[in-house]
$ cat run_6.json   # JSON, C-alpha atoms and all ligand atoms
[["chain", "number", "residue", "atom", "x", "y", "z"],
["A", 2, "MET", "CA", 0.34, 26.55, 5.67],
["A", 3, "ILE", "CA", 0.65, 23.43, 3.49],
["A", 4, "THR", "CA", 3.81, 21.36, 2.97],
["A", 5, "VAL", "CA", 4.34, 19.19, -0.11],
["A", 6, "ARG", "CA", 7.33, 17.24, -1.33],
["A", 7, "GLY", "CA", 8.06, 17.53, -5.02],
["A", 8, "ILE", "CA", 10.47, 18.19, -7.85],
["A", 9, "VAL", "CA", 10.64, 21.31, -10.03],
["A", 10, "LEU", "CA", 9.65, 20.59, -13.64],
["A", 11, "LYS", "CA", 9.68, 24.14, -14.99],
["A", 12, "GLU", "CA", 10.53, 27.70, -13.98],
["A", 13, "ARG", "CA", 8.98, 30.85, -15.45],
["A", 14, "ASN", "CA", 10.31, 34.26, -14.51],
["A", 15, "VAL", "CA", 7.79, 36.89, -13.55],
["A", 16, "GLY", "CA", 8.29, 40.55, -12.66],
["A", 17, "GLU", "CA", 11.67, 41.76, -11.52],
["A", 18, "ASN", "CA", 12.67, 39.02, -9.13],
["A", 19, "GLY", "CA", 9.92, 36.49, -8.91],
["A", 20, "LYS", "CA", 9.14, 33.27, -10.68],
["A", 21, "PHE", "CA", 6.54, 30.57, -10.96],
["A", 22, "ILE", "CA", 7.57, 26.96, -10.64],
["A", 23, "ASP", "CA", 5.66, 23.83, -11.65],
["A", 24, "ILE", "CA", 6.38, 20.99, -9.29],
["A", 25, "LEU", "CA", 5.50, 17.32, -9.54],
["A", 26, "THR", "CA", 4.25, 16.16, -6.17],
["A", 27, "ALA", "CA", 3.44, 12.70, -4.88],
["A", 28, "GLU", "CA", -0.26, 13.10, -4.17],
["A", 29, "ASN", "CA", -1.36, 16.24, -5.99],
["A", 30, "GLY", "CA", 0.07, 15.79, -9.47],
["A", 31, "VAL", "CA", 1.65, 18.95, -10.88],
["A", 32, "ILE", "CA", 1.02, 22.21, -9.02],
["A", 33, "GLU", "CA", 2.20, 25.77, -9.60],
["A", 34, "LEU", "CA", 3.88, 27.81, -6.88],
["A", 35, "SER", "CA", 4.65, 31.51, -6.90],
["A", 36, "VAL", "CA", 8.14, 32.22, -5.56],
["A", 37, "ARG", "CA", 8.59, 35.86, -4.62],
["A", 38, "GLY", "CA", 12.09, 37.30, -4.70],
["A", 39, "ALA", "CA", 13.37, 33.96, -6.01],
["A", 40, "ARG", "CA", 15.89, 35.52, -8.37],
["A", 41, "LYS", "CA", 17.52, 37.84, -5.85],
["A", 42, "ILE", "CA", 21.10, 36.79, -5.45],
["A", 43, "ASN", "CA", 20.73, 36.30, -1.69],
["A", 44, "SER", "CA", 17.37, 34.53, -1.91],
["A", 45, "SER", "CA", 17.08, 31.58, 0.41],
["A", 46, "PHE", "CA", 15.00, 29.90, -2.31],
["A", 47, "LEU", "CA", 17.77, 29.99, -4.91],
["A", 48, "SER", "CA", 18.88, 26.36, -4.90],
["A", 49, "SER", "CA", 15.76, 24.61, -3.64],
["A", 50, "THR", "CA", 13.48, 26.08, -6.33],
["A", 51, "GLN", "CA", 15.74, 25.63, -9.35],
["A", 52, "LEU", "CA", 14.95, 23.23, -12.16],
["A", 53, "PHE", "CA", 15.03, 19.56, -11.00],
["A", 54, "ALA", "CA", 15.41, 20.49, -7.34],
["A", 55, "TYR", "CA", 13.62, 17.93, -5.17],
["A", 56, "SER", "CA", 12.49, 19.74, -2.04],
["A", 57, "ASP", "CA", 9.93, 20.14, 0.69],
["A", 58, "PHE", "CA", 7.85, 23.19, -0.22],
["A", 59, "CYS", "CA", 5.79, 25.01, 2.39],
["A", 60, "TYR", "CA", 3.21, 27.40, 0.91],
["A", 61, "ARG", "CA", 0.09, 29.40, 1.69],
["A", 62, "GLU", "CA", -2.93, 30.13, -0.48],
["A", 63, "SER", "CA", -3.22, 33.82, -1.29],
["A", 64, "GLY", "CA", -5.29, 35.63, -3.92],
["A", 65, "GLY", "CA", -5.76, 32.50, -6.02],
["A", 66, "TYR", "CA", -2.05, 31.64, -5.94],
["A", 67, "ARG", "CA", 0.00, 29.20, -3.96],
["A", 68, "VAL", "CA", 2.75, 31.37, -2.55],
["A", 69, "LEU", "CA", 5.94, 29.71, -1.35],
["A", 70, "ASN", "CA", 6.76, 30.46, 2.24],
["A", 71, "SER", "CA", 9.81, 28.31, 2.88],
["A", 72, "CYS", "CA", 11.50, 25.28, 1.41],
["A", 73, "GLU", "CA", 14.12, 22.72, 2.22],
["A", 74, "PRO", "CA", 16.16, 21.00, -0.52],
["A", 75, "ILE", "CA", 16.41, 17.19, -0.42],
["A", 76, "ARG", "CA", 18.30, 16.58, -3.65],
["A", 77, "ILE", "CA", 19.27, 19.02, -6.40],
["A", 78, "PHE", "CA", 20.40, 16.79, -9.35],
["A", 79, "TYR", "CA", 22.81, 19.57, -10.16],
["A", 80, "ASN", "CA", 25.19, 17.45, -12.24],
["A", 81, "LEU", "CA", 22.60, 16.90, -14.95],
["A", 82, "ARG", "CA", 23.73, 20.34, -16.13],
["A", 83, "ASN", "CA", 27.19, 19.04, -16.96],
["A", 84, "SER", "CA", 25.84, 17.24, -20.01],
["A", 85, "LEU", "CA", 23.68, 18.86, -22.69],
["A", 86, "SER", "CA", 22.33, 15.46, -23.58],
["A", 87, "LYS", "CA", 21.34, 14.59, -20.01],
["A", 88, "ILE", "CA", 19.73, 17.92, -19.23],
["A", 89, "SER", "CA", 17.84, 17.79, -22.54],
["A", 90, "LEU", "CA", 16.52, 14.31, -21.80],
["A", 91, "ALA", "CA", 15.48, 15.44, -18.31],
["A", 92, "CYS", "CA", 13.68, 18.47, -19.83],
["A", 93, "TYR", "CA", 11.81, 16.20, -22.23],
["A", 94, "MET", "CA", 10.67, 13.93, -19.38],
["A", 95, "ALA", "CA", 9.61, 17.02, -17.41],
["A", 96, "GLU", "CA", 7.56, 18.33, -20.35],
["A", 97, "VAL", "CA", 5.81, 14.98, -20.68],
["A", 98, "LEU", "CA", 5.04, 14.94, -16.95],
["A", 99, "ARG", "CA", 3.65, 18.47, -17.02],
["A", 100, "PHE", "CA", 1.33, 17.33, -19.76],
["A", 101, "CYS", "CA", 0.08, 14.06, -18.32],
["A", 102, "ALA", "CA", 0.91, 13.49, -14.65],
["A", 103, "GLU", "CA", -2.35, 13.16, -12.74],
["A", 104, "PRO", "CA", -2.69, 13.11, -8.97],
["A", 105, "GLN", "CA", -2.05, 9.54, -7.76],
["A", 106, "PRO", "CA", -2.84, 7.82, -4.50],
["A", 107, "ASP", "CA", 0.57, 6.13, -4.58],
["A", 108, "ASN", "CA", 3.60, 8.11, -5.68],
["A", 109, "ASP", "CA", 4.85, 5.88, -8.48],
["A", 110, "ILE", "CA", 5.13, 8.59, -11.13],
["A", 111, "LEU", "CA", 7.23, 10.81, -8.88],
["A", 112, "ARG", "CA", 9.29, 7.78, -7.89],
["A", 113, "LEU", "CA", 9.80, 6.82, -11.53],
["A", 114, "PHE", "CA", 11.04, 10.29, -12.38],
["A", 115, "LEU", "CA", 13.34, 10.58, -9.36],
["A", 116, "ASN", "CA", 14.86, 7.16, -10.02],
["A", 117, "THR", "CA", 15.37, 7.88, -13.71],
["A", 118, "LEU", "CA", 17.10, 11.17, -12.87],
["A", 119, "HIS", "CA", 19.27, 9.43, -10.30],
["A", 120, "PHE", "CA", 20.51, 6.81, -12.79],
["A", 121, "LEU", "CA", 20.92, 9.52, -15.44],
["A", 122, "GLU", "CA", 22.85, 11.93, -13.27],
["A", 123, "LYS", "CA", 25.18, 9.25, -11.91],
["A", 124, "ASP", "CA", 25.75, 7.69, -15.32],
["A", 125, "LEU", "CA", 24.55, 4.33, -14.00],
["A", 126, "ARG", "CA", 22.55, 3.31, -17.06],
["A", 127, "ASP", "CA", 22.54, 3.98, -20.78],
["A", 128, "GLU", "CA", 20.48, 7.07, -21.72],
["A", 129, "LYS", "CA", 18.46, 5.14, -24.31],
["A", 130, "MET", "CA", 17.55, 2.57, -21.71],
["A", 131, "LEU", "CA", 16.46, 5.19, -19.20],
["A", 132, "LYS", "CA", 14.39, 6.93, -21.82],
["A", 133, "ALA", "CA", 12.65, 3.68, -22.79],
["A", 134, "ILE", "CA", 12.00, 2.72, -19.16],
["A", 135, "PHE", "CA", 10.56, 6.14, -18.42],
["A", 136, "GLU", "CA", 8.36, 6.25, -21.51],
["A", 137, "PHE", "CA", 6.87, 2.76, -21.26],
["A", 138, "ARG", "CA", 6.46, 2.69, -17.50],
["A", 139, "LEU", "CA", 4.89, 6.13, -17.41],
["A", 140, "MET", "CA", 2.37, 5.12, -20.05],
["A", 141, "ALA", "CA", 1.46, 2.07, -17.96],
["A", 142, "GLU", "CA", 1.09, 4.26, -14.86],
["A", 143, "ILE", "CA", -1.34, 6.66, -16.55],
["A", 144, "GLY", "CA", -3.59, 3.97, -18.00],
["A", 145, "PHE", "CA", -1.98, 3.02, -21.32],
["A", 146, "MET", "CA", -0.61, -0.38, -20.30],
["A", 147, "PRO", "CA", -0.10, -2.51, -23.43],
["A", 148, "ASP", "CA", -0.84, -6.23, -23.21],
["A", 149, "VAL", "CA", 2.57, -7.86, -23.52],
["A", 150, "VAL", "CA", 1.76, -11.18, -21.86],
["A", 151, "MET", "CA", 0.72, -13.35, -24.83],
["A", 152, "CYS", "CA", -0.30, -13.37, -28.48],
["A", 153, "ARG", "CA", -3.70, -11.79, -28.51],
["A", 154, "GLU", "CA", -5.10, -14.40, -30.91],
["A", 155, "CYS", "CA", -3.68, -17.76, -29.77],
["A", 156, "GLY", "CA", -2.09, -17.07, -26.39],
["A", 157, "ALA", "CA", 1.48, -18.02, -27.45],
["A", 158, "TYR", "CA", 3.92, -16.73, -24.81],
["A", 159, "GLU", "CA", 7.25, -16.77, -26.62],
["A", 160, "PRO", "CA", 6.67, -16.91, -30.39],
["A", 161, "ALA", "CA", 9.76, -16.68, -32.60],
["A", 162, "GLU", "CA", 8.29, -13.92, -34.72],
["A", 163, "ILE", "CA", 6.32, -11.15, -33.09],
["A", 164, "TYR", "CA", 4.29, -8.23, -34.38],
["A", 165, "PHE", "CA", 3.50, -5.37, -32.02],
["A", 166, "SER", "CA", 0.73, -2.83, -32.57],
["A", 167, "ILE", "CA", 1.19, 0.58, -31.01],
["A", 168, "ARG", "CA", -2.36, 1.56, -31.79],
["A", 169, "GLU", "CA", -3.90, -1.53, -30.26],
["A", 170, "GLY", "CA", -1.27, -1.97, -27.56],
["A", 171, "CYS", "CA", -0.80, -5.70, -27.98],
["A", 172, "PHE", "CA", 1.24, -8.27, -29.87],
["A", 173, "CYS", "CA", 0.50, -11.14, -32.19],
["A", 174, "CYS", "CA", 2.55, -14.15, -33.33],
["A", 175, "ALA", "CA", 3.44, -14.73, -37.02],
["A", 176, "ASN", "CA", 0.98, -17.63, -37.32],
["A", 177, "CYS", "CA", -1.95, -15.47, -36.31],
["A", 178, "PHE", "CA", -0.79, -12.31, -38.06],
["A", 179, "LYS", "CA", -3.30, -11.22, -40.69],
["A", 180, "PHE", "CA", -3.45, -7.47, -40.27],
["A", 181, "ASN", "CA", -2.27, -4.42, -42.16],
["A", 182, "PRO", "CA", 1.53, -4.71, -41.83],
["A", 183, "ASP", "CA", 1.95, -0.92, -41.95],
["A", 184, "GLU", "CA", 0.39, -0.62, -38.52],
["A", 185, "TRP", "CA", 2.41, -3.33, -36.80],
["A", 186, "TYR", "CA", 6.11, -3.42, -35.84],
["A", 187, "ARG", "CA", 8.01, -6.62, -36.27],
["A", 188, "ILE", "CA", 10.08, -7.22, -33.13],
["A", 189, "ASN", "CA", 11.99, -10.16, -31.67],
["A", 190, "ILE", "CA", 11.73, -11.93, -28.34],
["A", 191, "SER", "CA", 14.54, -9.84, -26.75],
["A", 192, "VAL", "CA", 12.59, -6.64, -27.38],
["A", 193, "LEU", "CA", 9.41, -8.24, -26.04],
["A", 194, "SER", "CA", 11.25, -9.50, -22.94],
["A", 195, "ALA", "CA", 12.62, -6.02, -22.27],
["A", 196, "MET", "CA", 9.12, -4.56, -22.64],
["A", 197, "ARG", "CA", 7.75, -7.16, -20.26],
["A", 198, "HIS", "CA", 10.42, -6.30, -17.74],
["A", 199, "ILE", "CA", 9.74, -2.56, -17.93],
["A", 200, "LEU", "CA", 5.98, -2.90, -17.83],
["A", 201, "LEU", "CA", 5.42, -5.79, -15.45],
["A", 202, "THR", "CA", 8.28, -6.00, -12.97],
["A", 203, "ASP", "CA", 8.14, -4.66, -9.41],
["A", 204, "PHE", "CA", 9.43, -1.15, -9.08],
["A", 205, "ASP", "CA", 12.42, -2.21, -6.97],
["A", 206, "ARG", "CA", 13.80, -4.24, -9.88],
["A", 207, "LEU", "CA", 12.76, -1.89, -12.66],
["A", 208, "PHE", "CA", 16.22, -0.61, -13.55],
["A", 209, "ASN", "CA", 17.93, -3.98, -13.14],
["A", 210, "PHE", "CA", 18.19, -5.51, -16.55],
["A", 211, "ARG", "CA", 20.68, -5.66, -19.39],
["A", 212, "THR", "CA", 20.11, -6.03, -23.06],
["A", 213, "SER", "CA", 22.04, -5.66, -26.30],
["A", 214, "GLU", "CA", 22.70, -2.37, -28.06],
["A", 215, "ASN", "CA", 20.50, -3.46, -30.95],
["A", 216, "THR", "CA", 17.57, -4.39, -28.72],
["A", 217, "MET", "CA", 17.94, -1.11, -26.88],
["A", 218, "ASN", "CA", 17.80, 0.85, -30.14],
["A", 219, "ILE", "CA", 14.58, -0.85, -31.21],
["A", 220, "LEU", "CA", 13.09, -0.58, -27.73],
["A", 221, "SER", "CA", 13.80, 3.12, -27.48],
["A", 222, "ARG", "CA", 12.23, 3.88, -30.86],
["A", 223, "LEU", "CA", 9.20, 1.83, -29.92],
["A", 224, "SER", "CA", 8.70, 3.42, -26.50],
["A", 225, "GLU", "CA", 8.95, 6.90, -28.00],
["A", 226, "LYS", "CA", 6.40, 6.09, -30.71],
["A", 227, "TYR", "CA", 4.14, 4.50, -28.13],
["A", 228, "LEU", "CA", 4.20, 7.57, -25.89],
["A", 229, "THR", "CA", 3.71, 10.19, -28.61],
["A", 230, "SER", "CA", 0.97, 8.11, -30.20],
["A", 231, "LYS", "CA", -0.97, 7.56, -26.95],
["A", 232, "LEU", "CA", -0.61, 11.20, -25.89],
["A", 233, "GLU", "CA", -1.42, 12.28, -29.45],
["A", 234, "ARG", "CA", 1.19, 15.01, -29.60],
["A", 235, "SER", "CA", 4.83, 15.80, -30.16],
["A", 236, "PHE", "CA", 7.18, 17.46, -27.69],
["A", 237, "ARG", "CA", 9.46, 20.37, -28.55],
["A", 238, "THR", "CA", 11.97, 19.15, -25.95],
["A", 239, "LEU", "CA", 12.01, 15.70, -27.57],
["A", 240, "ASP", "CA", 12.77, 17.23, -30.97],
["A", 241, "PHE", "CA", 15.61, 19.14, -29.37],
["A", 242, "TYR", "CA", 16.97, 16.07, -27.59],
["A", 243, "LYS", "CA", 16.96, 14.11, -30.84],
["A", 244, "SER", "CA", 18.59, 16.97, -32.73],
["A", 245, "ILE", "CA", 21.67, 16.81, -30.48],
["A", 246, "LYS", "CA", 22.01, 13.01, -30.50],
["B", 301, "ZN", "ZN", -0.76, -16.39, -32.16]]

$ encode --input "run_6.json" --output "structure tokens"
Amino acid sequence: MITVRGIVLKERNVGENGKFIDILTAENGVIELSVRGARKINSSFLSSTQLFAYSDFCYRESGGYRVLNSCEPIRIFYNLRNSLSKISLACYMAEVLRFCAEPQPDNDILRLFLNTLHFLEKDLRDEKMLKAIFEFRLMAEIGFMPDVVMCRECGAYEPAEIYFSIREGCFCCANCFKFNPDEWYRINISVLSAMRHILLTDFDRLFNFRTSENTMNILSRLSEKYLTSKLERSFRTLDFYKSIK
């Protein structure tokens, strides 16, 4: 019997009462568990295997499947369901994670997701901000860290005018800028500072910053473009989330 701690990213019904769940775990990335009898009304698995339940899952390997034996809920994030916008954002983040979360020696991706859901569920931060933090920080975690420290040409740290390239993952000051302007986004120092915070700060301080509405709008468009461009795909759940905003 194997025990893992993880959060449910997706449920798929199978047969009369069963379902498969994809869970994001700390060490093993995303794994699929078969939950027999999960949809029976008196199933002991009912709450701890629902979408966004964070639980300890104990399973056995059987016939090529991982079959759930028992589980213990830690946190359910149930109140995300009270807001269409929140649950849709959470579903988008879950779809991204199912696509790209690799097994990690540390558990930073799981931690990032749990923290983002916590701030989202409790209404502790603006949705746009949480989305931008999640998108940029996740990209850094899976190997797409942009270079936001200095102008790539001259090393300027705080230029007044800044151009950021999603494709190249770096920025350039106005003095050095001599590239195709279609491929670079003009941003200001507030946006760059927010990016630096999200990408470079210690995890414990990740969610502790404030910025203006305008900066947040630019940041959130940029982080979304960065993620979809690096992963080279769109997400149905993202389209839905944007359609209701
Ligand atoms: Zn420069």

$ axis_aligned_box --input "run_6.json" --around "range 105-117 of chain A" --padding-each-side "8 Å" --output "AutoDock Vina command-line options"
--center_x 6.3 --center_y 8.3 --center_z -9.1 --size_x 34.2 --size_y 20.9 --size_z 25.2

$ residues_around --input "run_6.json" --residues "Thr117 in chain A" --least-positions-apart "6" --cutoff "10 Å" --atoms "all atoms listed in the file" --output "list in words"
Ala91, Met94, Leu111, Leu125, Arg126, Glu128, Met130, Leu131, Lys132, Ile134, Phe135 and Phe208 of chain A

$ residues_near_point --input "run_6.json" --point "(10.5, 14.6, -7.4)" --cutoff "8 Å" --atoms "all atoms listed in the file" --output "ChimeraX atom specification"
/A:6-9,24-27,53-56,111-112,114-115

$ residues_around --input "run_6.json" --residues "Glu214 in chain A" --least-positions-apart "4" --cutoff "12 Å" --atoms "all atoms listed in the file" --output "ChimeraX atom specification"
/A:127-130,191-192,218-221

$ closest_atom_pairs --input "run_6.json" --of "chain A" --to "ligand ZN 301 (chain B)" --cutoff "6 Å" --atoms "all atoms listed in the file" --output "JSON lines"
{"residue": "A:Cys152", "atom": "CA", "partner": "B:ZN301", "partner_atom": "ZN", "distance": 4.8}
{"residue": "A:Glu154", "atom": "CA", "partner": "B:ZN301", "partner_atom": "ZN", "distance": 4.9}
{"residue": "A:Cys155", "atom": "CA", "partner": "B:ZN301", "partner_atom": "ZN", "distance": 4.0}
{"residue": "A:Gly156", "atom": "CA", "partner": "B:ZN301", "partner_atom": "ZN", "distance": 6.0}
{"residue": "A:Ala157", "atom": "CA", "partner": "B:ZN301", "partner_atom": "ZN", "distance": 5.5}
{"residue": "A:Cys173", "atom": "CA", "partner": "B:ZN301", "partner_atom": "ZN", "distance": 5.4}
{"residue": "A:Cys174", "atom": "CA", "partner": "B:ZN301", "partner_atom": "ZN", "distance": 4.2}
{"residue": "A:Asn176", "atom": "CA", "partner": "B:ZN301", "partner_atom": "ZN", "distance": 5.6}
{"residue": "A:Cys177", "atom": "CA", "partner": "B:ZN301", "partner_atom": "ZN", "distance": 4.4}

$ closest_residue --input "run_6.json" --among "A:Ile77, A:Leu228, A:Cys101, A:Leu10" --to "Ser49 in chain A" --atoms "only C-alpha atoms"
A:Ile77

$ atom_distance --input "run_6.json" --atom1 "CA of Leu90 in chain A" --atom2 "CA of Tyr242 in chain A"
6.1 Å

$ atom_distance --input "run_6.json" --atom1 "CA of Val31 in chain A" --atom2 "CA of Ile110 in chain A"
10.9 Å

$ residues_around --input "run_6.json" --residues "Val15 in chain A" --least-positions-apart "6" --cutoff "10 Å" --atoms "all atoms listed in the file" --output "list of chain:residue names"
A:Phe21, A:Ser35, A:Val36, A:Arg37, A:Gly38, A:Ala39, A:Arg40

$ atom_distance --input "run_6.json" --atom1 "CA of Met196 in chain A" --atom2 "CA of Lys243 in chain A"
21.8 Å

$ closest_residue --input "run_6.json" --among "A:Ile3, A:Lys246, A:Asn29, A:Arg206" --to "Leu113 in chain A" --atoms "only C-alpha atoms"
A:Arg206

$ closest_residue --input "run_6.json" --among "A:Ser44, A:Ser63, A:Ala95, A:Leu81" --to "Glu12 in chain A" --atoms "only C-alpha atoms"
A:Ala95

$ closest_residue --input "run_6.json" --among "A:Lys123, A:Arg197, A:Arg234, A:Arg82" --to "Tyr158 in chain A" --atoms "only C-alpha atoms"
A:Arg197
